[in-house]
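Following: one structure in structure tokens, then a few remarks.
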Amino acid sequence: MIEFMENRLHWNEDHPLKEVAAALALCDDPDMIEDFLSALFTDAEVREMGKRWALVRLLEDGMSQRKIAKNLGLSLCKITRGSKELKKRDSAFRKMIELYKTRIPK
């Protein structure tokens, strides 16, 4: 169930991505989501977001942090953060990766 914001400012200080996440959850068109994210973020932010997704996928695949840093041009600090997030009990990264794996044809 998606909760819509009652605040007509479309902003919630405690949950700044709430309405964006709800809008994205309503869309089943990956191209439209990609276009939306490309319009919302700068080119640099889009590349950074893509690299962060790639780093958690590579960590999950078992690639070493140093190899990921070299291949993606990311700091070990960012990769360590991703690794810590993957290890959390209810990791949102892990849940999203598992969802992606179950829904994307091989």
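If you're wondering about the labels, chains in the structure tokens are A, B, ... by order shown, residues count from 1 in each chain, ligands from 1 in order shown.
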
So which residues touch region 57-66 of chain A within 8 Å, counting only C-alpha atoms, skipping near sequence neighbours fewer than 4 positions away, as a compact mmCIF listing (two decimals) with C-alpha atoms, in the first residue's frame?
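Result saved to around_13.txt:
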# COMPACT_ATOMS: atom_id res chain seq x y z
CA TRP A 53 24.11 0.43 -7.84
CA LYS A 70 39.70 0.34 -9.63
CA LEU A 76 37.15 2.60 -0.84
CA ILE A 79 32.51 0.87 -1.30
CA THR A 80 32.88 0.10 2.40
CA SER A 83 29.35 -3.29 1.94
CA LEU A 86 24.52 -5.03 2.32
CA ILE A 97 18.92 -6.75 -5.63

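What separates CA of Ser75 (chain A) from CA of Glu48 (chain A) is a distance of 11.7 Å.
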
Q: Identify, on the basis of only C-alpha atoms, every residue whose closest approach to Val20 (chain A) does not exceed 12 Å; exclude the query and any residue fewer than 2 positions from it along the same chain; express the result as an NGL selection string.
A: :A and (2-5 or 10-12 or 15-18 or 22-27 or 33 or 36-37 or 40)

(Q) Write out as a PyMOL selection string the set of residues from chain A that DSSP, computed on the backbone, places in helix (DSSP H, G or I). (A) chain A and resi 18-26+30-40+43-61+65-72+76-87+92-103

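Shortest atom-to-atom contact with Val56 (chain A) among A:Lys88, A:Ile104, A:Glu98, A:Phe93: A:Phe93, counting only C-alpha atoms.
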